[in-house]
file upload14.txt (compact mmCIF, C-alpha atoms)
# COMPACT_ATOMS: atom_id res chain seq x y z
CA MET Z 1 -26.42 -3.37 -58.53
CA SER Z 2 -23.31 -2.61 -56.63
CA ALA Z 3 -20.85 0.01 -57.78
CA ARG Z 4 -18.26 -2.68 -58.56
CA ALA Z 5 -20.73 -4.62 -60.76
CA LEU Z 6 -21.80 -1.43 -62.53
CA ALA Z 7 -18.18 -0.53 -63.24
CA SER Z 8 -17.57 -4.01 -64.67
CA VAL Z 9 -20.57 -3.72 -67.01
CA LEU Z 10 -19.49 -0.29 -68.18
CA TRP Z 11 -15.97 -1.63 -68.86
CA MET Z 12 -17.36 -4.49 -70.94
CA VAL Z 13 -19.49 -2.05 -72.95
CA LEU Z 14 -16.49 0.19 -73.62
CA LEU Z 15 -14.25 -2.77 -74.45
CA ALA Z 16 -16.63 -4.40 -76.95
CA PRO Z 17 -16.01 -1.92 -79.85
CA TRP Z 18 -12.27 -2.21 -79.35
CA ARG Z 19 -12.51 -5.99 -79.53
CA LEU Z 20 -14.57 -5.76 -82.70
CA TRP Z 21 -12.07 -3.32 -84.25
CA HIS Z 22 -9.14 -5.50 -83.19
CA ARG Z 23 -10.78 -8.56 -84.73
CA ALA Z 24 -11.53 -6.63 -87.93
CA ASP Z 25 -7.93 -5.54 -88.07
CA ALA Z 26 -6.64 -9.13 -87.85
CA GLY Z 27 -4.44 -10.22 -90.74
CA CYS Z 28 -1.25 -12.06 -91.62
CA SER Z 29 0.78 -10.23 -88.97
CA GLU Z 30 -1.72 -11.06 -86.26
CA GLU Z 31 -1.82 -14.71 -87.29
CA ARG Z 32 1.92 -14.77 -88.03
CA ARG Z 33 1.31 -16.70 -91.20
CA CYS Z 34 2.99 -16.67 -94.62
CA CYS Z 35 2.43 -19.82 -96.64
CA PRO Z 36 3.88 -21.01 -99.97
CA GLY Z 37 1.69 -21.87 -102.96
CA ARG Z 38 -2.06 -22.16 -102.53
CA ASP Z 39 -3.08 -23.14 -98.98
CA PRO Z 40 -6.76 -22.69 -98.04
CA SER Z 41 -5.92 -23.22 -94.37
CA CYS Z 42 -3.54 -20.24 -94.41
CA ALA Z 43 -6.35 -17.80 -93.68
CA SER Z 44 -7.50 -15.14 -91.29
CA THR Z 45 -10.52 -12.95 -90.82
CA GLY Z 46 -10.31 -9.27 -91.53
CA TRP Z 47 -10.07 -6.71 -94.27
CA ARG Z 48 -8.81 -7.88 -97.64
CA MET Z 49 -6.72 -5.89 -100.09
CA ASP Z 50 -9.81 -5.46 -102.29
CA ARG Z 51 -11.52 -3.67 -99.34
CA VAL Z 52 -13.90 -6.51 -98.60
CA TYR Z 53 -14.24 -7.71 -95.03
CA GLY Z 54 -14.27 -11.45 -94.39
CA THR Z 55 -11.98 -14.40 -94.85
CA CYS Z 56 -8.61 -13.35 -96.21
CA PHE Z 57 -5.51 -15.37 -97.05
CA CYS Z 58 -1.79 -15.24 -96.41
CA ASP Z 59 -0.56 -17.68 -99.06
CA GLU Z 60 1.39 -16.85 -102.20
CA ALA Z 61 -1.59 -17.56 -104.47
CA CYS Z 62 -3.66 -14.78 -102.89
CA ARG Z 63 -1.88 -12.27 -105.10
CA LEU Z 64 -3.39 -13.98 -108.13
CA THR Z 65 -6.83 -14.54 -106.65
CA GLY Z 66 -7.03 -11.07 -105.09
CA ASP Z 67 -8.05 -12.26 -101.62
CA CYS Z 68 -4.93 -11.38 -99.61
CA CYS Z 69 -5.29 -9.92 -96.13
CA TYR Z 70 -4.76 -6.18 -96.13
CA ASP Z 71 -1.29 -6.46 -94.55
CA TYR Z 72 0.01 -9.33 -96.70
CA SER Z 73 2.60 -7.19 -98.51
CA GLN Z 74 4.05 -5.97 -95.20
CA ALA Z 75 3.82 -9.25 -93.29
CA CYS Z 76 4.97 -11.41 -96.22
CA PRO Z 77 7.29 -9.29 -98.36
CA ALA Z 78 8.11 -10.70 -101.79
CA LEU Z 79 11.65 -12.05 -101.98
CA PRO Z 80 13.08 -12.59 -105.48
CA CYS Z 81 15.13 -15.53 -106.58
CA ILE Z 82 18.85 -14.84 -106.34
CA VAL Z 83 21.31 -16.83 -108.42
CA GLY Z 84 25.10 -17.01 -108.52
CA GLU Z 85 27.46 -16.27 -111.38
CA TRP Z 86 27.66 -18.45 -114.48
CA SER Z 87 30.21 -21.22 -114.37
CA HIS Z 88 32.87 -21.46 -117.05
CA TRP Z 89 31.79 -23.11 -120.29
CA SER Z 90 32.42 -26.82 -120.35
CA GLY Z 91 34.33 -28.44 -123.18
CA CYS Z 92 32.48 -30.02 -126.10
CA ALA Z 93 30.62 -33.18 -125.17
CA GLU Z 94 32.53 -34.96 -127.96
CA GLN Z 95 35.72 -34.20 -129.82
CA CYS Z 96 36.07 -33.78 -133.58
CA LYS Z 97 32.36 -33.37 -134.37
CA PRO Z 98 29.69 -30.69 -133.86
CA ASN Z 99 28.22 -30.96 -130.39
CA LEU Z 100 27.20 -28.91 -127.36
CA ARG Z 101 28.96 -27.19 -124.51
CA MET Z 102 27.22 -26.11 -121.31
CA ARG Z 103 27.38 -23.72 -118.40
CA ARG Z 104 25.31 -23.51 -115.20
CA ARG Z 105 24.52 -21.24 -112.31
CA TYR Z 106 22.95 -22.14 -108.99
CA VAL Z 107 20.18 -20.73 -106.79
CA LYS Z 108 21.38 -18.83 -103.74
CA GLN Z 109 17.90 -17.81 -102.57
CA GLU Z 110 14.60 -19.37 -103.57
CA PRO Z 111 11.77 -16.93 -104.35
CA LYS Z 112 9.20 -16.44 -101.61
CA ASN Z 113 5.78 -14.85 -101.31
CA GLY Z 114 5.31 -14.35 -105.03
CA GLY Z 115 8.78 -12.92 -105.60
CA GLU Z 116 10.44 -12.92 -109.04
CA PRO Z 117 11.02 -16.51 -110.17
CA CYS Z 118 14.44 -17.91 -110.93
CA PRO Z 119 15.91 -17.18 -114.37
CA LEU Z 120 17.40 -19.80 -116.66
CA LEU Z 121 19.91 -21.88 -114.75
CA GLU Z 122 21.49 -23.70 -117.68
CA GLU Z 123 22.71 -22.58 -121.10
CA LYS Z 124 23.90 -24.64 -124.05
CA SER Z 125 25.87 -23.59 -127.09
CA GLY Z 126 27.11 -25.30 -130.21
CA CYS Z 127 30.81 -26.09 -130.45
CA LEU Z 128 33.39 -27.98 -132.45
CA GLU Z 129 36.75 -29.09 -131.08
CA TYR Z 130 39.59 -29.28 -133.61
CA LEU Z 131 41.97 -31.31 -131.43
CA THR Z 132 41.63 -34.74 -129.88
CA TYR Z 133 42.56 -35.29 -126.25
CA GLN Z 134 45.91 -36.48 -127.59
CA GLY Z 135 46.46 -33.18 -129.41
CA GLN Z 136 45.85 -34.48 -132.95
CA ASP Z 137 44.09 -32.32 -135.54
CA CYS Z 138 40.50 -33.27 -136.28
CA GLY Z 139 37.06 -31.83 -136.98
CA HIS Z 140 38.01 -29.90 -140.11
CA GLU Z 141 35.68 -31.97 -142.27
CA TYR Z 142 32.73 -30.29 -140.53
CA VAL Z 143 33.86 -26.80 -141.52
CA PRO Z 144 32.01 -25.70 -144.66
CA ALA Z 145 34.04 -24.96 -147.78
CA PHE Z 146 33.69 -21.32 -148.80
CA ILE Z 147 33.79 -21.09 -152.58
CA THR Z 148 33.59 -18.52 -155.32
CA THR Z 149 33.90 -18.49 -159.11
CA SER Z 150 37.21 -19.56 -160.65
CA GLU Z 151 37.23 -16.22 -162.48
CA TYR Z 152 38.35 -14.66 -159.21
CA SER Z 153 41.65 -16.58 -159.43
CA LYS Z 154 42.63 -14.32 -162.32
CA GLU Z 155 42.24 -11.30 -160.07
CA ARG Z 156 44.34 -13.01 -157.41
CA LYS Z 157 47.19 -13.41 -159.85
CA ARG Z 158 47.09 -9.69 -160.64
CA GLN Z 159 47.28 -8.73 -156.98
CA ALA Z 160 50.40 -8.66 -154.88
CA VAL Z 161 50.77 -11.87 -152.93
CA SER Z 162 51.74 -11.97 -149.27
CA PRO Z 163 55.51 -12.26 -148.62
CA LEU Z 164 54.76 -15.63 -147.07
CA TRP Z 165 54.03 -16.81 -150.59
CA SER Z 166 57.11 -15.64 -152.47
CA SER Z 167 57.91 -17.07 -155.89
CA ASP Z 168 60.56 -19.29 -154.34
CA THR Z 169 58.23 -21.02 -151.89
CA GLU Z 170 54.81 -20.73 -153.51
CA GLU Z 171 52.92 -23.98 -153.68
CA ALA Z 172 51.38 -25.01 -156.97
CA GLY Z 173 48.10 -25.83 -155.27
CA TYR Z 174 45.75 -28.69 -156.06
CA CYS Z 175 42.20 -29.39 -157.18
CA VAL Z 176 39.40 -31.30 -155.46
CA GLU Z 177 36.48 -32.77 -157.35
CA PHE Z 178 33.11 -32.99 -155.59
CA LYS Z 179 29.71 -34.31 -156.59
CA THR Z 180 26.95 -31.96 -155.45
CA GLU Z 181 24.22 -33.56 -153.35
CA SER Z 182 21.97 -30.64 -152.46
CA LEU Z 183 21.73 -26.86 -152.63
CA SER Z 184 19.38 -24.15 -151.44
CA HIS Z 185 17.01 -22.35 -153.81
CA HIS Z 186 18.85 -19.11 -153.06
CA CYS Z 187 21.53 -20.20 -155.54
CA THR Z 188 19.28 -20.53 -158.58
CA VAL Z 189 17.49 -17.21 -158.05
CA GLU Z 190 20.68 -15.19 -157.63
CA ASN Z 191 20.86 -12.54 -160.37
CA ARG Z 192 23.31 -9.92 -159.11
CA PRO Z 193 26.08 -9.47 -161.69
CA TYR Z 194 28.93 -10.50 -159.42
CA ALA Z 195 27.05 -13.56 -158.14
CA ARG Z 196 25.43 -14.99 -161.27
CA TRP Z 197 27.93 -17.85 -161.22
CA MET Z 198 25.82 -19.39 -158.44
CA GLN Z 199 23.03 -20.08 -160.96
CA TYR Z 200 25.18 -22.81 -162.52
CA LEU Z 201 25.34 -24.87 -159.34
CA ARG Z 202 23.21 -27.97 -159.83
CA GLU Z 203 22.52 -31.14 -157.88
CA GLY Z 204 24.24 -34.28 -159.15
CA TYR Z 205 27.00 -32.45 -161.06
CA THR Z 206 30.73 -32.91 -160.59
CA VAL Z 207 32.45 -29.63 -159.81
CA CYS Z 208 36.11 -28.70 -159.44
CA VAL Z 209 37.40 -26.52 -156.64
CA ALA Z 210 40.98 -25.27 -156.75
CA CYS Z 211 43.08 -24.68 -153.65
CA GLN Z 212 45.50 -21.82 -154.26
CA PRO Z 213 47.35 -19.19 -152.25
CA PRO Z 214 46.37 -17.16 -150.32
CA ALA Z 215 43.45 -19.45 -149.38
CA MET Z 216 45.97 -22.21 -148.78
CA ASN Z 217 47.06 -22.46 -145.14
CA THR Z 218 50.73 -21.60 -144.78
CA GLY Z 219 51.23 -24.29 -142.14
CA ASN Z 220 49.72 -27.42 -143.67
CA HIS Z 221 49.35 -26.16 -147.25
CA ARG Z 222 45.66 -27.13 -147.27
CA CYS Z 223 42.44 -25.21 -147.90
CA SER Z 224 39.75 -25.23 -145.23
CA GLY Z 225 36.81 -27.43 -146.15
CA ASP Z 226 38.67 -29.49 -148.78
CA GLY Z 227 37.47 -32.76 -147.25
CA LEU Z 228 40.89 -33.98 -146.17
CA GLY Z 229 40.54 -37.54 -144.92
CA ALA Z 230 36.88 -37.83 -145.98
CA ASP Z 231 35.83 -40.85 -148.05
CA GLY Z 232 33.33 -40.80 -150.90
CA ASN Z 233 30.38 -41.42 -148.60
CA LYS Z 234 31.01 -38.49 -146.26
CA VAL Z 235 28.58 -35.61 -146.79
CA LEU Z 236 30.43 -32.29 -146.64
CA HIS Z 237 29.11 -28.75 -146.57
CA TRP Z 238 29.82 -25.71 -148.72
CA GLN Z 239 28.74 -22.06 -148.84
CA ALA Z 240 28.98 -19.51 -151.63
CA VAL Z 241 30.89 -16.33 -150.85
CA GLY Z 242 28.72 -13.33 -151.68
CA ASN Z 243 25.47 -15.01 -150.65
CA LEU Z 244 25.81 -17.28 -147.63
CA ARG Z 245 22.21 -18.40 -148.09
CA CYS Z 246 23.42 -20.17 -151.21
CA GLN Z 247 24.74 -23.32 -149.62
CA GLY Z 248 24.50 -27.07 -149.84
CA THR Z 249 26.25 -30.40 -149.53
CA TRP Z 250 28.55 -32.48 -151.67
CA LYS Z 251 30.71 -35.59 -151.51
CA LYS Z 252 34.38 -35.70 -152.28
CA VAL Z 253 35.28 -37.60 -155.47
CA ARG Z 254 39.05 -37.23 -155.60
CA GLN Z 255 41.98 -34.85 -155.36
CA VAL Z 256 43.97 -34.09 -158.53
CA GLU Z 257 46.79 -31.75 -159.50
CA GLN Z 258 44.84 -29.65 -162.01
CA CYS Z 259 41.14 -28.88 -162.39
CA SER Z 260 39.51 -29.97 -165.67
CA CYS Z 261 35.83 -29.12 -165.21
CA PRO Z 262 33.95 -26.67 -167.48
CA VAL Z 263 34.31 -23.04 -166.47
CA VAL Z 264 30.77 -22.83 -165.12
CA HIS Z 265 31.51 -25.76 -162.81
CA SER Z 266 34.96 -24.54 -161.73
CA PHE Z 267 35.41 -22.77 -158.41
CA ILE Z 268 38.11 -21.88 -155.92
CA PHE Z 269 38.38 -22.09 -152.14
CA THR Z 270 38.43 -18.69 -150.45
call {"tool": "encode", "arguments": {"input": "upload14.txt", "output": "structure tokens"}}
result
Amino acid sequence: MSARALASVLWMVLLAPWRLWHRADAGCSEERRCCPGRDPSCASTGWRMDRVYGTCFCDEACRLTGDCCYDYSQACPALPCIVGEWSHWSGCAEQCKPNLRMRRRYVKQEPKNGGEPCPLLEEKSGCLEYLTYQGQDCGHEYVPAFITTSEYSKERKRQAVSPLWSSDTEEAGYCVEFKTESLSHHCTVENRPYARWMQYLREGYTVCVACQPPAMNTGNHRCSGDGLGADGNKVLHWQAVGNLRCQGTWKKVRQVEQCSCPVVHSFIFT
């Protein structure tokens, strides 16, 4: 064998281990592969992250299956989802009745290589508009009436009244009769001394609720939740002050000047 041939054989022998090592070291960088999702064809041969030699993968799913190539994290770094700022809240979907408003934000960078997924992109919230597009008042019938025992009106009379309600301008007030439709069980089990009046609330009874200062609005001389404009078929809501879990519904019967219900069925707006 000539010297040239012998040198060539020796070079091949020396080169063989390097080739084997280079092949064993192959991975995502060598193949220049980073694939989304689960892609069986996105593979290489080399050491895996679990220290097993053989077929390894460069797709996003390899993180879950544990068969990523050893250099996956370096060759395919995880990029999180990036979103923009929230938009302003929209107006209510409808005027004058309970509805929803909405705000959104948009994706600026999609997640890659198993990066953190995108957060919520849309939020909704309850709302109630009190003005029509023409600027007219509306929606007040959906506001619950906050009530308490009529005995509290005696305490009001003993207290100093706001200057806005001087003796010269004070309104006499009015009374609204309602027929109760439903109530929560929290009313009947109430036994605290200051809240025992709630025990007398019953379904199907007519109750009287007085509108007096200072509960009366100084602008329109009305009490919130009095059912203004509601007919006898409109279901309205009420809540008891002192235990907001004591609540229910009623229908407006009529408005009168003075209340005439029994004391246990007489209340005031607060």
call {"tool": "closest_residue", "arguments": {"input": "upload14.txt", "among": "Z:Cys118, Z:Trp47, Z:Ser29, Z:Ser153", "to": "Pro214 in chain Z", "atoms": "all atoms listed in the file"}}
result
Z:Ser153
call {"tool": "closest_residue", "arguments": {"input": "upload14.txt", "among": "Z:Ala26, Z:Lys112, Z:His265, Z:Arg103", "to": "Gly46 in chain Z", "atoms": "all atoms listed in the file"}}
result
Z:Ala26
call {"tool": "residues_around", "arguments": {"input": "upload14.txt", "residues": "Ser44 in chain Z", "least_positions_apart": "4", "cutoff": "12 Å", "atoms": "only C-alpha atoms", "output": "list in words"}}
result
Arg23, Ala24, Asp25, Ala26, Gly27, Cys28, Ser29, Glu30, Glu31, Arg32, Arg33, Cys34, Asp39, Pro40, Arg48, Tyr53, Gly54, Thr55, Cys56, Phe57, Cys58, Asp59, Asp67, Cys68, Cys69, Tyr70, Asp71 and Tyr72 of chain Z
call {"tool": "closest_residue", "arguments": {"input": "upload14.txt", "among": "Z:Leu128, Z:Leu120, Z:Val143, Z:Ala210", "to": "Lys97 in chain Z", "atoms": "only C-alpha atoms"}}
result
Z:Leu128
call {"tool": "atom_distance", "arguments": {"input": "upload14.txt", "atom1": "CA of Pro80 in chain Z", "atom2": "CA of Met49 in chain Z"}}
result
21.6 Å
call {"tool": "atom_distance", "arguments": {"input": "upload14.txt", "atom1": "CA of Arg105 in chain Z", "atom2": "CA of Val83 in chain Z"}}
result
6.7 Å
